[in-house]
There are 2 protein chains.
Amino acid sequence: MSAPVVDFWFDFASTYSYPSAMRIRALADAAGVQVRFRPFLLGVIFKAQGWDTSPFNLYPAKGRNMWRDVERLCADLSLPFVRPEPFPQNSLLAARTALAIGETERADFSRAMFRAEFAEGRRIDDPAVVGSVVASLKADAAATLAAAQTNEVKDKLRAETVQAQQLGIFGAPSFVTADGELFWGNDRLERALAWAKRTAASLR
Amino acid sequence: MSAPVVDFWFDFASTYSYPSAMRIRALADAAGVQVRFRPFLLGVIFKAQGWDTSPFNLYPAKGRNMWRDVERLCADLSLPFVRPEPFPQNSLLAARTALAIGETERADFSRAMFRAEFAEGRRIDDPAVVGSVVASLKADAAATLAAAQTNEVKDKLRAETVQAQQLGIFGAPSFVTADGELFWGNDRLERALAWAKRTAASLR
């Protein structure tokens with residue numbers, strides 16, 4: 001039988017998606033779980049429930065705690081962290097590019113994108129930034145950015161976001177196992193992997 | 001020097017406060033941290049930001065995930081869990097009674113109250129239920145319920161809720177260390193205790 005799988009649903013603008021993107025490979029390898037990187041647009045889901053920006057902006061006490069909490073988390077993980085300006089970043093181009101670049105390089109691209117944003121404070125809506133991240137993976141920046149603007153990729157990102165919503169996703173990161181179990185939040189990553197492993201074992 | 005202290009801020013209606021109340025003693029003992037049980041009224045803070053009920057009711061996808069998540073958490077902890085009806089319960093009487101009963105018995109009362117609500121499905125706004133919980137601790141139920149209705153206790157609960165808000169608390173459970181560091185959520189309990197321990201050690 002094939003390895004258990006967890007879908008890692010994230011938005012490039014999402015603060016807690018950053019530590020998850022950085023942690024997931026080692027944890028998944030240790031658990032024998034395969035991970036699929038699934039970028040989507042959380043802003044679309046927020047809009048559907050009446051929010052025109054991040055709840056961290058709408059609710060200041062919640063926002064203050066999030067910045068401090070992510071700072072503490074990253075310090076514990078020895079991950080550099082700078083606060084993106086503006087927040088949230090527009091993640092449309094990064095998400096499209098992640099889909100355009102293909103499955104093989106999607107995880108590496110995503111991690112490099114998160115580093116550019118949260119470790120280096122670069123703007124992820126800038127084609128020059130996204131292009132330089134693509135180029136750092138030895139891929140063709142111009143061709144990939146062009147592919148990101150095709151209708152095929154635009155439609156694919158729309159469909160991914162619709163699927164996220166249909167899965168019950170309302171925040172990022174979220175982790176979904178093959179049996180449809182949804183885990184929300186960076187702090188649920190380990191549980192999601194354990195669930196996927198247990199379920200796969202019980203089906204054997 | 002005295003032991004490091006963590007204030008455990010909770011609302012009796014809060015689902016995630018239940019596993020925290022049940023976990024905190026053993027974890028705090030192991031870390032050598034003293035815990036103060038601080039009930040407050042989260043509904044007052046929600047109202048101040050424009051919500052007239054729990055965000056778990058206002059945002060259905062978030063609510064569905066919470067119920068499933070708490071169910072999974074409690075299963076892992078071997079804690080019984082039933083969904084309170086209605087949700088959220090009115091926690092005013094339970095919070096006042098916790099303050100009336102005095103510091104020595106507050107933690108035991110709080111745990112017994114959470115068990116009545118989330119393990120046994122009893123209504124925590126019913127004086128008979130609250131009275132039976134008080135009596136189970138060998139305290140005087142009638143005298144304690146009468147004390148819970150005094151202006152002194154009412155004012156104390158108001159002041160506690162104001163203090164919670166001033167500390168930046170926007171959800172429950174929350175954990176605050178002596179140096180004012182705020183940790184939100186059951187999943188941050190271990191981090192709050194570690195922070196308190198580390199800070200106390202560095203001050204020695």
# chains A, B, ... in the order shown; residues from 1 in each chain; ligands from 1

$ interface_residues --of "chain A" --to "chain B" --cutoff "7 Å" --atoms "only C-alpha atoms" --output "ChimeraX atom specification"
/A:61-62,168,170

$ residues_around --residues "stretch 20-33 of chain B" --least-positions-apart "5" --cutoff "12 Å" --atoms "only C-alpha atoms" --output "number ranges by chain"
B: 2-12, 14-15, 38-39, 70, 73-74, 77-80, 106-115, 118-119, 172-175, 177-178, 184-201

$ select_by_dssp --residues "stretch 44-151 of chain A" --states "helix (DSSP H, G or I)" --output "PyMOL selection string"
chain A and resi 44-48+55-58+60-76+92-100+103-119+127-136+141-148+151

$ atom_distance --atom1 "atom CA of A:Leu137" --atom2 "atom CA of A:Val153"
19.9 Å

$ select_by_dssp --residues "stretch 109-180 of chain A" --states "strand (DSSP E)" --output "number ranges by chain"
A: 174-177

$ atom_distance --atom1 "atom CA of A:Phe87" --atom2 "atom CA of A:Glu105"
26.5 Å

$ atom_distance --atom1 "atom CA of A:Gln89" --atom2 "atom CA of A:Pro19"
16.7 Å

$ decode --residues "stretch 148-190 of chain A" --atoms "N, CA and C atoms" --output "mmCIF file, in the first residue's frame"
data_model
loop_
_atom_site.group_PDB
_atom_site.id
_atom_site.type_symbol
_atom_site.label_atom_id
_atom_site.label_comp_id
_atom_site.auth_asym_id
_atom_site.auth_seq_id
_atom_site.Cartn_x
_atom_site.Cartn_y
_atom_site.Cartn_z
ATOM 1 N N ALA A 148 2.193 31.339 -14.796
ATOM 2 C CA ALA A 148 1.345 31.692 -13.652
ATOM 3 C C ALA A 148 0.172 32.581 -14.065
ATOM 4 N N GLN A 149 0.305 33.244 -15.210
ATOM 5 C CA GLN A 149 -0.761 34.154 -15.659
ATOM 6 C C GLN A 149 -1.685 33.513 -16.692
ATOM 7 N N THR A 150 -1.548 32.228 -16.949
ATOM 8 C CA THR A 150 -2.450 31.563 -17.906
ATOM 9 C C THR A 150 -3.792 31.285 -17.240
ATOM 10 N N ASN A 151 -4.809 31.168 -18.095
ATOM 11 C CA ASN A 151 -6.143 30.852 -17.568
ATOM 12 C C ASN A 151 -6.166 29.498 -16.871
ATOM 13 N N GLU A 152 -5.364 28.589 -17.364
ATOM 14 C CA GLU A 152 -5.319 27.253 -16.760
ATOM 15 C C GLU A 152 -4.915 27.345 -15.281
ATOM 16 N N VAL A 153 -3.869 28.122 -15.011
ATOM 17 C CA VAL A 153 -3.393 28.234 -13.633
ATOM 18 C C VAL A 153 -4.366 29.060 -12.786
ATOM 19 N N LYS A 154 -4.887 30.130 -13.367
ATOM 20 C CA LYS A 154 -5.874 30.939 -12.629
ATOM 21 C C LYS A 154 -7.080 30.083 -12.218
ATOM 22 N N ASP A 155 -7.578 29.280 -13.169
ATOM 23 C CA ASP A 155 -8.726 28.413 -12.885
ATOM 24 C C ASP A 155 -8.376 27.365 -11.824
ATOM 25 N N LYS A 156 -7.172 26.859 -11.918
ATOM 26 C CA LYS A 156 -6.731 25.831 -10.964
ATOM 27 C C LYS A 156 -6.726 26.404 -9.545
ATOM 28 N N LEU A 157 -6.233 27.636 -9.387
ATOM 29 C CA LEU A 157 -6.193 28.243 -8.051
ATOM 30 C C LEU A 157 -7.610 28.511 -7.536
ATOM 31 N N ARG A 158 -8.483 28.953 -8.440
ATOM 32 C CA ARG A 158 -9.893 29.133 -8.045
ATOM 33 C C ARG A 158 -10.488 27.811 -7.561
ATOM 34 N N ALA A 159 -10.219 26.757 -8.314
ATOM 35 C CA ALA A 159 -10.777 25.441 -7.968
ATOM 36 C C ALA A 159 -10.208 24.941 -6.636
ATOM 37 N N GLU A 160 -8.928 25.193 -6.410
ATOM 38 C CA GLU A 160 -8.315 24.778 -5.142
ATOM 39 C C GLU A 160 -8.978 25.503 -3.968
ATOM 40 N N THR A 161 -9.252 26.797 -4.163
ATOM 41 C CA THR A 161 -9.860 27.578 -3.082
ATOM 42 C C THR A 161 -11.289 27.102 -2.806
ATOM 43 N N VAL A 162 -12.014 26.782 -3.885
ATOM 44 C CA VAL A 162 -13.365 26.226 -3.716
ATOM 45 C C VAL A 162 -13.294 24.900 -2.964
ATOM 46 N N GLN A 163 -12.321 24.078 -3.331
ATOM 47 C CA GLN A 163 -12.202 22.781 -2.647
ATOM 48 C C GLN A 163 -11.859 22.966 -1.175
ATOM 49 N N ALA A 164 -10.980 23.919 -0.884
ATOM 50 C CA ALA A 164 -10.634 24.194 0.517
ATOM 51 C C ALA A 164 -11.892 24.537 1.317
ATOM 52 N N GLN A 165 -12.697 25.416 0.737
ATOM 53 C CA GLN A 165 -13.928 25.832 1.409
ATOM 54 C C GLN A 165 -14.861 24.631 1.615
ATOM 55 N N GLN A 166 -14.947 23.774 0.586
ATOM 56 C CA GLN A 166 -15.820 22.599 0.677
ATOM 57 C C GLN A 166 -15.332 21.604 1.728
ATOM 58 N N LEU A 167 -14.032 21.593 1.964
ATOM 59 C CA LEU A 167 -13.477 20.711 2.998
ATOM 60 C C LEU A 167 -13.726 21.255 4.402
ATOM 61 N N GLY A 168 -14.275 22.468 4.492
ATOM 62 C CA GLY A 168 -14.543 23.068 5.795
ATOM 63 C C GLY A 168 -13.431 23.970 6.287
ATOM 64 N N ILE A 169 -12.479 24.263 5.409
ATOM 65 C CA ILE A 169 -11.337 25.091 5.807
ATOM 66 C C ILE A 169 -11.767 26.548 5.984
ATOM 67 N N PHE A 170 -11.323 27.149 7.095
ATOM 68 C CA PHE A 170 -11.692 28.533 7.420
ATOM 69 C C PHE A 170 -10.475 29.324 7.883
ATOM 70 N N GLY A 171 -9.312 28.685 7.865
ATOM 71 C CA GLY A 171 -8.084 29.343 8.325
ATOM 72 C C GLY A 171 -6.881 28.584 7.808
ATOM 73 N N ALA A 172 -5.696 29.173 7.987
ATOM 74 C CA ALA A 172 -4.481 28.530 7.488
ATOM 75 C C ALA A 172 -3.374 28.628 8.540
ATOM 76 N N PRO A 173 -2.531 27.608 8.638
ATOM 77 C CA PRO A 173 -2.571 26.397 7.832
ATOM 78 C C PRO A 173 -3.649 25.426 8.303
ATOM 79 N N SER A 174 -4.102 24.575 7.365
ATOM 80 C CA SER A 174 -4.989 23.477 7.719
ATOM 81 C C SER A 174 -4.410 22.195 7.137
ATOM 82 N N PHE A 175 -4.673 21.097 7.812
ATOM 83 C CA PHE A 175 -4.158 19.801 7.387
ATOM 84 C C PHE A 175 -5.341 18.855 7.241
ATOM 85 N N VAL A 176 -5.417 18.192 6.086
ATOM 86 C CA VAL A 176 -6.546 17.286 5.845
ATOM 87 C C VAL A 176 -6.001 15.909 5.490
ATOM 88 N N THR A 177 -6.497 14.901 6.179
ATOM 89 C CA THR A 177 -6.052 13.530 5.925
ATOM 90 C C THR A 177 -6.911 12.893 4.840
ATOM 91 N N ALA A 178 -6.490 11.714 4.365
ATOM 92 C CA ALA A 178 -7.192 11.051 3.265
ATOM 93 C C ALA A 178 -8.641 10.714 3.635
ATOM 94 N N ASP A 179 -8.919 10.492 4.914
ATOM 95 C CA ASP A 179 -10.294 10.191 5.342
ATOM 96 C C ASP A 179 -11.074 11.464 5.681
ATOM 97 N N GLY A 180 -10.544 12.635 5.301
ATOM 98 C CA GLY A 180 -11.312 13.874 5.406
ATOM 99 C C GLY A 180 -11.245 14.565 6.752
ATOM 100 N N GLU A 181 -10.370 14.116 7.621
ATOM 101 C CA GLU A 181 -10.258 14.741 8.944
ATOM 102 C C GLU A 181 -9.507 16.077 8.800
ATOM 103 N N LEU A 182 -10.076 17.129 9.361
ATOM 104 C CA LEU A 182 -9.511 18.482 9.232
ATOM 105 C C LEU A 182 -8.855 18.917 10.540
ATOM 106 N N PHE A 183 -7.619 19.378 10.438
ATOM 107 C CA PHE A 183 -6.887 19.906 11.588
ATOM 108 C C PHE A 183 -6.476 21.323 11.251
ATOM 109 N N TRP A 184 -6.810 22.260 12.103
ATOM 110 C CA TRP A 184 -6.532 23.675 11.842
ATOM 111 C C TRP A 184 -5.419 24.177 12.740
ATOM 112 N N GLY A 185 -4.418 24.804 12.104
ATOM 113 C CA GLY A 185 -3.405 25.505 12.896
ATOM 114 C C GLY A 185 -2.069 24.792 12.929
ATOM 115 N N ASN A 186 -1.010 25.584 12.939
ATOM 116 C CA ASN A 186 0.353 25.080 13.055
ATOM 117 C C ASN A 186 0.498 24.119 14.241
ATOM 118 N N ASP A 187 -0.217 24.405 15.318
ATOM 119 C CA ASP A 187 -0.094 23.580 16.515
ATOM 120 C C ASP A 187 -0.827 22.244 16.391
ATOM 121 N N ARG A 188 -1.498 22.008 15.265
ATOM 122 C CA ARG A 188 -2.155 20.715 15.061
ATOM 123 C C ARG A 188 -1.408 19.844 14.043
ATOM 124 N N LEU A 189 -0.262 20.314 13.575
ATOM 125 C CA LEU A 189 0.482 19.564 12.560
ATOM 126 C C LEU A 189 0.828 18.146 13.018
ATOM 127 N N GLU A 190 1.389 18.039 14.218
ATOM 128 C CA GLU A 190 1.796 16.717 14.712
ATOM 129 C C GLU A 190 0.593 15.782 14.826
#
